[in-house]
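The file final_32.cif contains mmCIF, C-alpha atoms:
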```
data_work
#
loop_
_atom_site.group_PDB
_atom_site.id
_atom_site.type_symbol
_atom_site.label_atom_id
_atom_site.label_comp_id
_atom_site.auth_asym_id
_atom_site.auth_seq_id
_atom_site.Cartn_x
_atom_site.Cartn_y
_atom_site.Cartn_z
ATOM 1 C CA MET A 1 47.369 52.245 143.824
ATOM 2 C CA SER A 2 50.677 54.064 144.406
ATOM 3 C CA ASN A 3 53.021 53.281 147.275
ATOM 4 C CA HIS A 4 53.804 56.894 148.036
ATOM 5 C CA ALA A 5 53.738 57.709 151.732
ATOM 6 C CA ILE A 6 52.952 61.327 150.825
ATOM 7 C CA GLN A 7 51.702 62.613 147.512
ATOM 8 C CA ILE A 8 50.926 66.260 146.809
ATOM 9 C CA THR A 9 49.476 67.295 143.480
ATOM 10 C CA ASP A 10 49.046 70.918 142.363
ATOM 11 C CA LEU A 11 48.795 72.249 145.885
ATOM 12 C CA THR A 12 48.011 75.959 146.057
ATOM 13 C CA ARG A 13 47.457 78.018 149.153
ATOM 14 C CA ARG A 14 47.439 81.816 149.185
ATOM 15 C CA TYR A 15 47.592 84.456 151.899
ATOM 16 C CA GLY A 16 46.078 87.501 150.257
ATOM 17 C CA GLN A 17 47.339 88.442 146.776
ATOM 18 C CA ASP A 18 51.061 87.715 146.699
ATOM 19 C CA ARG A 19 52.167 85.358 149.451
ATOM 20 C CA GLY A 20 51.597 81.632 149.544
ATOM 21 C CA ILE A 21 52.425 78.529 147.572
ATOM 22 C CA GLU A 22 51.375 77.628 144.079
ATOM 23 C CA ASN A 23 51.133 74.301 142.277
ATOM 24 C CA ILE A 24 53.379 72.265 144.556
ATOM 25 C CA ASN A 25 53.927 68.670 143.455
ATOM 26 C CA LEU A 26 55.915 66.129 145.420
ATOM 27 C CA GLN A 27 56.000 62.488 146.338
ATOM 28 C CA VAL A 28 57.702 60.876 149.294
ATOM 29 C CA GLU A 29 58.154 57.145 149.201
ATOM 30 C CA GLU A 30 57.741 54.890 152.186
ATOM 31 C CA GLY A 31 60.968 54.835 154.240
ATOM 32 C CA GLU A 32 62.559 57.567 152.150
ATOM 33 C CA ILE A 33 64.569 60.329 153.853
ATOM 34 C CA PHE A 34 63.318 63.463 152.179
ATOM 35 C CA GLY A 35 64.999 66.883 152.398
ATOM 36 C CA PHE A 36 62.685 69.837 152.202
ATOM 37 C CA ILE A 37 64.678 73.048 151.911
ATOM 38 C CA GLY A 38 64.163 76.554 150.599
ATOM 39 C CA PRO A 39 64.849 80.219 151.342
ATOM 40 C CA ASN A 40 62.820 82.310 153.751
ATOM 41 C CA SER A 41 59.153 82.621 152.768
ATOM 42 C CA ALA A 42 59.470 79.915 150.148
ATOM 43 C CA GLY A 43 56.413 78.188 151.637
ATOM 44 C CA LYS A 44 57.984 75.254 153.475
ATOM 45 C CA SER A 45 55.964 75.771 156.654
ATOM 46 C CA THR A 46 52.779 76.436 154.719
ATOM 47 C CA THR A 47 53.198 73.184 152.789
ATOM 48 C CA ILE A 48 53.789 71.227 155.988
ATOM 49 C CA ARG A 49 50.832 72.924 157.696
ATOM 50 C CA VAL A 50 48.547 71.976 154.838
ATOM 51 C CA LEU A 51 49.870 68.410 155.078
ATOM 52 C CA PHE A 52 49.149 68.432 158.800
ATOM 53 C CA ASN A 53 45.596 69.612 158.189
ATOM 54 C CA LEU A 54 46.262 72.882 160.018
ATOM 55 C CA LEU A 55 45.610 74.962 156.912
ATOM 56 C CA PHE A 56 43.376 74.205 153.977
ATOM 57 C CA PRO A 57 44.395 74.446 150.296
ATOM 58 C CA MET B 1 32.326 60.396 165.238
ATOM 59 C CA MET B 2 34.232 60.460 168.518
ATOM 60 C CA ASN B 3 37.708 59.452 169.573
ATOM 61 C CA ARG B 4 37.697 57.593 172.880
ATOM 62 C CA ASN B 5 41.317 58.412 173.762
ATOM 63 C CA LEU B 6 40.897 62.123 173.161
ATOM 64 C CA PHE B 7 37.588 62.119 175.039
ATOM 65 C CA LEU B 8 39.180 60.451 178.069
ATOM 66 C CA ARG B 9 42.252 62.691 177.930
ATOM 67 C CA GLU B 10 40.082 65.815 177.877
ATOM 68 C CA LEU B 11 37.861 64.446 180.614
ATOM 69 C CA ARG B 12 40.914 63.899 182.806
ATOM 70 C CA SER B 13 42.467 67.269 182.072
ATOM 71 C CA ASN B 14 39.220 69.062 182.959
ATOM 72 C CA ALA B 15 38.402 66.944 186.004
ATOM 73 C CA VAL B 16 40.091 69.205 188.555
ATOM 74 C CA SER B 17 38.349 72.288 187.235
ATOM 75 C CA LEU B 18 34.994 70.467 187.300
ATOM 76 C CA LEU B 19 35.654 69.335 190.853
ATOM 77 C CA ILE B 20 36.528 72.827 192.048
ATOM 78 C CA TRP B 21 33.567 74.517 190.340
ATOM 79 C CA SER B 22 31.136 71.834 191.568
ATOM 80 C CA ALA B 23 32.511 72.022 195.098
ATOM 81 C CA VAL B 24 32.343 75.818 195.211
ATOM 82 C CA ILE B 25 28.810 76.062 193.820
ATOM 83 C CA THR B 26 27.632 73.185 196.027
ATOM 84 C CA ALA B 27 29.182 74.833 199.079
ATOM 85 C CA LEU B 28 27.615 78.194 198.205
ATOM 86 C CA THR B 29 24.205 76.593 197.653
ATOM 87 C CA ALA B 30 24.384 74.554 200.845
ATOM 88 C CA LEU B 31 25.652 77.445 202.973
ATOM 89 C CA THR B 32 22.997 79.789 201.645
ATOM 90 C CA MET B 33 20.264 77.239 202.258
ATOM 91 C CA LEU B 34 21.455 76.816 205.828
ATOM 92 C CA PHE B 35 20.610 80.488 206.347
ATOM 93 C CA TYR B 36 16.997 79.788 205.454
ATOM 94 C CA GLY B 37 16.094 79.033 209.077
ATOM 95 C CA VAL B 38 17.661 82.284 210.272
ATOM 96 C CA PHE B 39 15.922 84.074 207.429
ATOM 97 C CA LEU B 40 12.515 82.756 208.541
ATOM 98 C CA LYS B 41 13.163 83.519 212.201
ATOM 99 C CA ASN B 42 13.975 87.143 211.398
ATOM 100 C CA ASN B 43 11.349 87.622 208.743
ATOM 101 C CA GLU B 44 10.065 90.902 210.150
ATOM 102 C CA LYS B 45 13.515 92.470 210.290
ATOM 103 C CA ILE B 46 14.292 91.184 206.808
ATOM 104 C CA LEU B 47 11.024 92.527 205.428
ATOM 105 C CA ALA B 48 11.787 95.896 207.023
ATOM 106 C CA MET B 49 15.266 95.844 205.489
ATOM 107 C CA ILE B 50 13.971 94.851 202.070
ATOM 108 C CA SER B 51 11.308 97.576 202.216
ATOM 109 C CA ILE B 52 13.995 100.286 202.235
ATOM 110 C CA LEU B 53 15.617 98.874 199.101
ATOM 111 C CA PRO B 54 14.568 100.167 195.690
ATOM 112 C CA GLU B 55 11.905 97.977 194.129
ATOM 113 C CA GLY B 56 14.165 96.728 191.370
ATOM 114 C CA THR B 57 16.883 95.405 193.677
ATOM 115 C CA LEU B 58 15.244 92.024 194.147
ATOM 116 C CA GLN B 59 14.900 91.632 190.413
ATOM 117 C CA PHE B 60 18.611 90.935 190.272
ATOM 118 C CA LYS B 61 17.755 87.590 191.776
ATOM 119 C CA GLY B 62 14.668 87.104 189.656
ATOM 120 C CA ILE B 63 12.304 87.701 192.582
ATOM 121 C CA SER B 64 8.975 89.243 191.666
ATOM 122 C CA ASP B 65 7.292 88.929 195.056
ATOM 123 C CA VAL B 66 9.234 89.285 198.295
ATOM 124 C CA ASP B 67 6.982 86.753 200.047
ATOM 125 C CA ASP B 68 8.376 84.098 197.713
ATOM 126 C CA LEU B 69 11.626 84.302 199.651
ATOM 127 C CA PHE B 70 9.961 82.820 202.719
ATOM 128 C CA SER B 71 9.132 79.594 200.923
ATOM 129 C CA VAL B 72 12.035 77.164 200.741
ATOM 130 C CA LEU B 73 11.719 76.707 196.969
ATOM 131 C CA GLY B 74 11.458 80.457 196.383
ATOM 132 C CA PHE B 75 14.539 81.002 198.549
ATOM 133 C CA TYR B 76 16.425 78.284 196.685
ATOM 134 C CA SER B 77 15.499 79.509 193.220
ATOM 135 C CA ALA B 78 16.425 83.114 194.101
ATOM 136 C CA ASN B 79 19.914 81.912 194.978
ATOM 137 C CA ASN B 80 20.055 79.449 192.115
ATOM 138 C CA VAL B 81 19.796 82.425 189.773
ATOM 139 C CA ILE B 82 23.191 83.705 190.854
ATOM 140 C CA TYR B 83 24.852 80.369 191.556
ATOM 141 C CA MET B 84 23.839 78.298 188.596
ATOM 142 C CA LEU B 85 22.202 80.612 186.076
ATOM 143 C CA VAL B 86 25.157 82.999 186.252
ATOM 144 C CA LEU B 87 28.114 81.101 187.768
ATOM 145 C CA GLY B 88 27.140 77.806 186.112
ATOM 146 C CA SER B 89 26.830 79.575 182.766
ATOM 147 C CA ILE B 90 30.240 81.188 183.274
ATOM 148 C CA TYR B 91 31.716 77.748 183.971
ATOM 149 C CA SER B 92 30.048 76.343 180.840
ATOM 150 C CA ILE B 93 31.180 79.093 178.492
ATOM 151 C CA VAL B 94 34.734 79.289 179.889
ATOM 152 C CA LEU B 95 35.137 75.533 179.501
ATOM 153 C CA SER B 96 33.682 75.390 176.000
ATOM 154 C CA SER B 97 35.370 78.482 174.612
ATOM 155 C CA GLY B 98 38.775 77.185 175.697
ATOM 156 C CA ILE B 99 38.586 73.492 174.881
ATOM 157 C CA LEU B 100 39.308 73.870 171.151
ATOM 158 C CA LEU B 101 41.214 77.152 171.286
ATOM 159 C CA LYS B 102 43.707 76.073 173.952
ATOM 160 C CA GLU B 103 45.284 73.716 171.423
ATOM 161 C CA GLU B 104 46.022 76.758 169.283
ATOM 162 C CA TYR B 105 47.375 79.206 171.837
ATOM 163 C CA ASN B 106 49.257 76.452 173.701
ATOM 164 C CA LYS B 107 50.758 75.431 170.346
ATOM 165 C CA THR B 108 49.600 71.828 170.748
ATOM 166 C CA ALA B 109 47.285 71.850 167.714
ATOM 167 C CA GLU B 110 50.096 70.605 165.468
ATOM 168 C CA PHE B 111 50.518 67.542 167.669
ATOM 169 C CA LEU B 112 46.774 66.979 168.030
ATOM 170 C CA LEU B 113 46.057 67.264 164.320
ATOM 171 C CA SER B 114 48.863 64.854 163.431
ATOM 172 C CA TRP B 115 46.869 62.113 165.156
ATOM 173 C CA PRO B 116 45.036 59.864 162.731
ATOM 174 C CA MET B 117 41.615 61.364 163.248
ATOM 175 C CA THR B 118 39.386 63.841 161.517
ATOM 176 C CA ARG B 119 38.550 67.371 162.630
ATOM 177 C CA GLY B 120 35.014 66.119 163.216
ATOM 178 C CA GLU B 121 36.239 63.493 165.679
ATOM 179 C CA ILE B 122 38.293 66.122 167.510
ATOM 180 C CA PHE B 123 35.346 68.494 167.638
ATOM 181 C CA PHE B 124 32.790 65.966 168.840
ATOM 182 C CA SER B 125 35.142 64.366 171.386
ATOM 183 C CA LYS B 126 35.791 67.757 172.946
ATOM 184 C CA ALA B 127 32.170 68.898 172.677
ATOM 185 C CA ALA B 128 31.088 65.666 174.399
ATOM 186 C CA VAL B 129 33.430 66.440 177.303
ATOM 187 C CA VAL B 130 31.935 69.932 177.596
ATOM 188 C CA TYR B 131 28.351 68.677 177.607
ATOM 189 C CA LEU B 132 29.147 65.850 180.022
ATOM 190 C CA ASN B 133 30.879 68.244 182.427
ATOM 191 C CA VAL B 134 27.942 70.652 182.243
ATOM 192 C CA LEU B 135 25.580 67.748 182.959
ATOM 193 C CA ILE B 136 27.685 66.604 185.925
ATOM 194 C CA ILE B 137 27.916 70.058 187.531
ATOM 195 C CA ASN B 138 24.158 70.468 187.090
ATOM 196 C CA ILE B 139 23.404 67.100 188.679
ATOM 197 C CA VAL B 140 25.810 67.669 191.581
ATOM 198 C CA THR B 141 24.502 71.142 192.413
ATOM 199 C CA ALA B 142 20.869 70.118 191.953
ATOM 200 C CA VAL B 143 21.299 67.140 194.291
ATOM 201 C CA ALA B 144 23.015 69.416 196.813
ATOM 202 C CA GLY B 145 20.181 71.916 196.488
ATOM 203 C CA TYR B 146 17.505 69.261 196.888
ATOM 204 C CA VAL B 147 19.155 67.656 199.919
ATOM 205 C CA THR B 148 19.681 70.979 201.694
ATOM 206 C CA MET B 149 16.110 72.018 200.923
ATOM 207 C CA GLU B 150 14.881 68.758 202.436
ATOM 208 C CA ILE B 151 16.967 69.481 205.529
ATOM 209 C CA VAL B 152 15.909 73.083 206.097
ATOM 210 C CA LYS B 153 12.317 73.051 204.815
ATOM 211 C CA ARG B 154 9.442 73.873 207.181
ATOM 212 C CA GLU B 155 6.725 73.011 204.704
ATOM 213 C CA PRO B 156 6.640 70.657 201.724
ATOM 214 C CA PHE B 157 7.759 72.056 198.395
ATOM 215 C CA SER B 158 6.966 70.996 194.866
ATOM 216 C CA THR B 159 9.546 68.528 193.584
ATOM 217 C CA ASN B 160 8.088 68.990 190.140
ATOM 218 C CA ALA B 161 8.768 72.746 190.196
ATOM 219 C CA PHE B 162 12.279 72.050 191.467
ATOM 220 C CA LEU B 163 12.943 69.638 188.588
ATOM 221 C CA VAL B 164 11.571 72.126 186.065
ATOM 222 C CA MET B 165 13.862 74.851 187.458
ATOM 223 C CA THR B 166 16.797 72.416 187.313
ATOM 224 C CA PHE B 167 16.038 71.560 183.708
ATOM 225 C CA TYR B 168 15.795 75.247 182.758
ATOM 226 C CA THR B 169 19.195 75.764 184.402
ATOM 227 C CA PHE B 170 20.679 72.842 182.497
ATOM 228 C CA MET B 171 19.297 74.078 179.183
ATOM 229 C CA LEU B 172 20.707 77.564 179.792
ATOM 230 C CA ASN B 173 24.133 76.137 180.679
ATOM 231 C CA ILE B 174 24.108 73.959 177.557
ATOM 232 C CA PHE B 175 23.197 77.014 175.492
ATOM 233 C CA PHE B 176 26.203 78.922 176.859
ATOM 234 C CA ALA B 177 28.413 75.879 176.292
ATOM 235 C CA SER B 178 27.345 75.803 172.628
ATOM 236 C CA LEU B 179 27.851 79.551 172.345
ATOM 237 C CA GLY B 180 31.404 79.154 173.698
ATOM 238 C CA LEU B 181 32.205 76.450 171.136
ATOM 239 C CA PHE B 182 30.799 78.631 168.380
ATOM 240 C CA MET B 183 32.710 81.736 169.486
ATOM 241 C CA SER B 184 35.983 79.836 169.700
ATOM 242 C CA THR B 185 35.680 78.704 166.080
ATOM 243 C CA LEU B 186 35.297 82.325 164.974
ATOM 244 C CA VAL B 187 38.615 83.410 166.490
ATOM 245 C CA LYS B 188 41.173 83.854 163.730
ATOM 246 C CA ARG B 189 44.346 84.456 165.717
ATOM 247 C CA ALA B 190 44.727 82.132 168.665
ATOM 248 C CA ARG B 191 44.310 83.848 171.997
ATOM 249 C CA PRO B 192 42.169 83.000 175.018
ATOM 250 C CA ILE B 193 38.658 84.467 174.959
ATOM 251 C CA THR B 194 37.913 83.740 178.604
ATOM 252 C CA THR B 195 37.393 87.378 179.576
ATOM 253 C CA LEU B 196 35.135 87.990 176.608
ATOM 254 C CA SER B 197 33.091 84.881 177.446
ATOM 255 C CA ILE B 198 32.606 85.830 181.091
ATOM 256 C CA GLY B 199 31.761 89.377 180.056
ATOM 257 C CA LEU B 200 29.161 88.123 177.614
ATOM 258 C CA VAL B 201 27.328 86.089 180.271
ATOM 259 C CA LEU B 202 27.344 89.029 182.670
ATOM 260 C CA ILE B 203 26.226 91.505 180.014
ATOM 261 C CA LEU B 204 23.341 89.251 178.937
ATOM 262 C CA TYR B 205 22.300 88.804 182.548
ATOM 263 C CA PHE B 206 22.567 92.534 183.134
ATOM 264 C CA ILE B 207 20.423 93.307 180.070
ATOM 265 C CA PHE B 208 17.838 90.821 181.318
ATOM 266 C CA THR B 209 17.776 92.494 184.729
ATOM 267 C CA ILE B 210 17.492 95.958 183.204
ATOM 268 C CA SER B 211 14.572 94.721 181.114
ATOM 269 C CA ASN B 212 12.865 93.515 184.295
ATOM 270 C CA ILE B 213 13.318 96.630 186.375
ATOM 271 C CA THR B 214 12.741 99.256 183.717
ATOM 272 C CA GLU B 215 9.183 99.865 182.697
ATOM 273 C CA GLY B 216 8.601 99.607 178.984
ATOM 274 C CA MET B 217 11.946 97.867 178.445
ATOM 275 C CA SER B 218 10.654 94.327 178.792
ATOM 276 C CA PHE B 219 11.204 93.675 175.092
ATOM 277 C CA ILE B 220 15.018 93.953 175.341
ATOM 278 C CA GLY B 221 14.951 90.951 177.647
ATOM 279 C CA TYR B 222 14.185 88.806 174.597
ATOM 280 C CA ALA B 223 17.698 89.552 173.350
ATOM 281 C CA THR B 224 19.005 87.418 176.220
ATOM 282 C CA PRO B 225 18.525 83.707 176.933
ATOM 283 C CA TYR B 226 17.571 84.514 180.537
ATOM 284 C CA LYS B 227 14.180 85.709 179.360
ATOM 285 C CA PHE B 228 13.403 82.135 178.335
ATOM 286 C CA VAL B 229 14.264 80.657 181.727
ATOM 287 C CA GLY B 230 11.208 80.189 183.926
ATOM 288 C CA MET B 231 12.235 81.589 187.311
ATOM 289 C CA ASP B 232 8.870 81.973 189.020
ATOM 290 C CA THR B 233 8.931 78.540 190.653
ATOM 291 C CA LEU B 234 6.025 79.330 192.972
ATOM 292 C CA ALA B 235 3.581 80.282 190.237
ATOM 293 C CA PRO B 236 0.690 77.765 190.110
ATOM 294 C CA ASP B 237 1.163 77.248 186.359
ATOM 295 C CA TYR B 238 4.962 76.928 186.566
ATOM 296 C CA ARG B 239 6.077 74.365 183.995
ATOM 297 C CA LEU B 240 8.479 73.720 181.189
ATOM 298 C CA GLU B 241 7.391 76.007 178.371
ATOM 299 C CA PHE B 242 7.518 74.529 174.903
ATOM 300 C CA ILE B 243 8.862 77.788 173.479
ATOM 301 C CA SER B 244 11.803 77.704 175.912
ATOM 302 C CA VAL B 245 12.676 74.100 175.076
ATOM 303 C CA LEU B 246 12.503 74.989 171.401
ATOM 304 C CA TYR B 247 14.611 78.133 171.928
ATOM 305 C CA PHE B 248 17.366 76.468 173.954
ATOM 306 C CA GLY B 249 17.310 73.159 172.106
ATOM 307 C CA GLY B 250 17.203 74.776 168.672
ATOM 308 C CA LEU B 251 19.853 77.406 169.355
ATOM 309 C CA SER B 252 22.198 74.966 171.100
ATOM 310 C CA LEU B 253 21.947 72.523 168.206
ATOM 311 C CA LEU B 254 22.375 75.280 165.645
ATOM 312 C CA LEU B 255 25.402 76.797 167.412
ATOM 313 C CA THR B 256 27.065 73.407 167.889
ATOM 314 C CA PHE B 257 26.455 72.359 164.303
ATOM 315 C CA THR B 258 27.678 75.710 162.939
ATOM 316 C CA ALA B 259 30.758 75.489 165.186
ATOM 317 C CA PHE B 260 31.430 72.016 163.797
ATOM 318 C CA ARG B 261 31.107 73.235 160.208
ATOM 319 C CA LEU B 262 33.449 76.145 160.889
ATOM 320 C CA TYR B 263 36.004 74.066 162.807
ATOM 321 C CA ARG B 264 36.116 71.434 160.078
ATOM 322 C CA ARG B 265 37.540 74.000 157.659
ATOM 323 C CA LYS B 266 39.252 76.344 160.087
ATOM 324 C CA ASP B 267 42.795 77.490 159.321
ATOM 325 C CA ILE B 268 44.917 77.056 162.407
ATOM 326 C CA TYR B 269 47.891 79.409 162.635
ATOM 327 C CA LEU B 270 50.601 78.576 165.136
#
```
Output the file's structure as structure tokens, nothing else.
Amino acid sequence: MSNHAIQITDLTRRYGQDRGIENINLQVEEGEIFGFIGPNSAGKSTTIRVLFNLLFP
Amino acid sequence: MMNRNLFLRELRSNAVSLLIWSAVITALTALTMLFYGVFLKNNEKILAMISILPEGTLQFKGISDVDDLFSVLGFYSANNVIYMLVLGSIYSIVLSSGILLKEEYNKTAEFLLSWPMTRGEIFFSKAAVVYLNVLIINIVTAVAGYVTMEIVKREPFSTNAFLVMTFYTFMLNIFFASLGLFMSTLVKRARPITTLSIGLVLILYFIFTISNITEGMSFIGYATPYKFVGMDTLAPDYRLEFISVLYFGGLSLLLTFTAFRLYRRKDIYL
């Protein structure tokens, strides 16, 4: 059993053909301050929305 | 399956609306029933007035025989058609079509879904509030109707027929509540569907009326739930029809369950 507060493995979510995120992997440990940065349309919001259960993979 | 906190929060946030709708429909019912005495006293004038109207006019209130209006139960059920079968259904569908969607167009879905609960718990907590509110408004207006009928009646009326009519009304309102939940889960981009919901109730009622007043068009009435509501309270064999219970019960369950399935996997864009 891992102690990760958040663990994402091979997360893919597409909007149509081109846009979306593909094979995201990340772990955030308990108490860790985690920076999540990227250019416009990199998929930051989509990743967070999937984490929040707003969108489905 | 349900989250108590969310249920109570929704119940509170919809309490004012429930109070206003119940008060308005109760007041309308009571006021109309108070006119029953005047109506009886002027029966000849009223009959003369009705005789100049086209035959189909009364059908808008579900009246098949004008004499029914002079019985207290017939008078009540004619008005109940507009007050509860139409207004009550509008209340039900407006409430249910907004209860899930409002989180999306008010941008509060992100906050709601970050709570430690499943989509199923959210859905059933909100659906329970809808059904409870529909039950409350039905009880309040039915009690108001019964009490005012007792006050203004000149002859006894059948309590059994009144209860049957009340149950038909409740089933119809629950059907529209389920339809509202279902419709709201189909909306892709969050925006209120209040106007569409109200329009749908009115269109279905209008189709039902057209089917009643137009010869040979009776069959189109079956496209509306109103056809399955027994409105002829004075008929000797007036009772709860099995087919109606099956229709309303089955469709309401099916719509609610389908709405749940859709909401469980619905993408929410903010």
*Using all atoms listed in the file, which residues sit within 7 Å of range 124-141 of chain B once same-chain residues fewer than 2 positions away are excluded, as JSON, numbers by chain?*
{"B": [1, 2, 3, 6, 7, 10, 11, 18, 22, 25, 26, 92, 95, 96, 99, 120, 121, 122, 143, 144, 145, 170, 173, 174]}
For the residues in the current selection, export C-alpha atoms as a short mmCIF file (atom, residue, chain, number, x, y, z; two decimals), in the frame of the given file.
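And here is the file that came out, out06.cif:
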```cif
data_model
loop_
_atom_site.label_atom_id
_atom_site.label_comp_id
_atom_site.auth_asym_id
_atom_site.auth_seq_id
_atom_site.Cartn_x
_atom_site.Cartn_y
_atom_site.Cartn_z
CA MET B 1 32.33 60.40 165.24
CA MET B 2 34.23 60.46 168.52
CA ASN B 3 37.71 59.45 169.57
CA LEU B 6 40.90 62.12 173.16
CA PHE B 7 37.59 62.12 175.04
CA GLU B 10 40.08 65.82 177.88
CA LEU B 11 37.86 64.45 180.61
CA LEU B 18 34.99 70.47 187.30
CA SER B 22 31.14 71.83 191.57
CA ILE B 25 28.81 76.06 193.82
CA THR B 26 27.63 73.18 196.03
CA SER B 92 30.05 76.34 180.84
CA LEU B 95 35.14 75.53 179.50
CA SER B 96 33.68 75.39 176.00
CA ILE B 99 38.59 73.49 174.88
CA GLY B 120 35.01 66.12 163.22
CA GLU B 121 36.24 63.49 165.68
CA ILE B 122 38.29 66.12 167.51
CA VAL B 143 21.30 67.14 194.29
CA ALA B 144 23.02 69.42 196.81
CA GLY B 145 20.18 71.92 196.49
CA PHE B 170 20.68 72.84 182.50
CA ASN B 173 24.13 76.14 180.68
CA ILE B 174 24.11 73.96 177.56
#
```
List as JSON lines every residue of chain A that is in contact with chain B, defined as an atom at most 6 Å from one of its atoms (using all atoms listed in the file), together with the nearest atom pair and the distance in Å rounded to one decimal, sorted by chain and then rising number.
```
{"residue": "A:Phe52", "atom": "CA", "partner": "B:Ser114", "partner_atom": "CA", "distance": 5.9}
{"residue": "A:Leu54", "atom": "CA", "partner": "B:Ile268", "partner_atom": "CA", "distance": 5.0}
{"residue": "A:Leu55", "atom": "CA", "partner": "B:Asp267", "partner_atom": "CA", "distance": 4.5}
```
_Evaluate the PyMOL selection byres ((chain B and resi 221) around 9) against this structure - the residues, as a VMD selection string, please._
chain B and resid 204 207 to 212 217 to 220 222 to 228
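Between CA of Thr214 in chain B and CA of Ala78 in chain B the interatomic distance comes to 19.5 Å.
The two atoms in question, CA of Val38 in chain B and CA of Tyr83 in chain B, are spaced 20.1 Å apart.
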*On this file, the PyMOL selection byres ((chain A and resi 40-48) around 9) gives some set of residues; write that set as a ChimeraX atom specification.*
/A:11-13,19-21,24,36-39,49-55
*Result set of the PyMOL selection byres ((chain B and resi 251) around 10) on the coordinates above, as number ranges by chain*: B: 174-176, 178-179, 225, 245-250, 252-257
Residues as selected, C-alpha atoms, written as a short mmCIF file (atom, residue, chain, number, x, y, z; two decimals), in the coordinates of the input, can you do that?
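Result file selection_0.cif:
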```
data_model
loop_
_atom_site.label_atom_id
_atom_site.label_comp_id
_atom_site.auth_asym_id
_atom_site.auth_seq_id
_atom_site.Cartn_x
_atom_site.Cartn_y
_atom_site.Cartn_z
CA ILE B 174 24.11 73.96 177.56
CA PHE B 175 23.20 77.01 175.49
CA PHE B 176 26.20 78.92 176.86
CA SER B 178 27.34 75.80 172.63
CA LEU B 179 27.85 79.55 172.34
CA PRO B 225 18.52 83.71 176.93
CA VAL B 245 12.68 74.10 175.08
CA LEU B 246 12.50 74.99 171.40
CA TYR B 247 14.61 78.13 171.93
CA PHE B 248 17.37 76.47 173.95
CA GLY B 249 17.31 73.16 172.11
CA GLY B 250 17.20 74.78 168.67
CA SER B 252 22.20 74.97 171.10
CA LEU B 253 21.95 72.52 168.21
CA LEU B 254 22.38 75.28 165.64
CA LEU B 255 25.40 76.80 167.41
CA THR B 256 27.06 73.41 167.89
CA PHE B 257 26.46 72.36 164.30
#
```
_Two-atom distance - CA of Ala142 in chain B, CA of Ala235 in chain B (Å)_ = 20.1 Å
*Find the spatial neighbours of Leu47 in chain B, counting all atoms listed in the file, within a cut-off of 12 Å - ignore same-chain residues fewer than 2 positions away - and output them as an NGL selection string.*
:B and (39-45 or 49-53 or 65-70)
*asked:* I'd like the contact shell of Ile6 in chain A - 10 Å cut-off, all atoms listed in the file, skipping same-chain residues fewer than 4 positions apart - returned as a list of chain:residue names.
replied: A:Ser2, A:Leu26, A:Gln27, A:Val28, A:Glu29, A:Glu30, A:Leu51
*Using only C-alpha atoms, find the one residue out of B:Phe182, B:Gly88, B:Thr169, B:Ile82 that sits nearest to Ala23 in chain B.*
B:Gly88
Draw an axis-aligned box tight on the listed atoms of range 26-44 of chain B, then pad every side by 4 Å and write out centre and edge lengths in Å to one decimal as lines of an AutoDock Vina configuration file.
```
center_x = 19.6
center_y = 82.0
center_z = 204.1
size_x = 27.1
size_y = 25.7
size_z = 24.2
```
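Between Asn160 in chain B and the candidates B:Ser97, B:Thr57, B:Thr108, B:Thr233, the tightest atom-to-atom separation, counting only C-alpha atoms, involves B:Thr233.
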*Selected residue of minimal separation from Met33 in chain B among B:Ile243, B:Leu262, B:Met231, B:Val152, counting only C-alpha atoms*: B:Val152
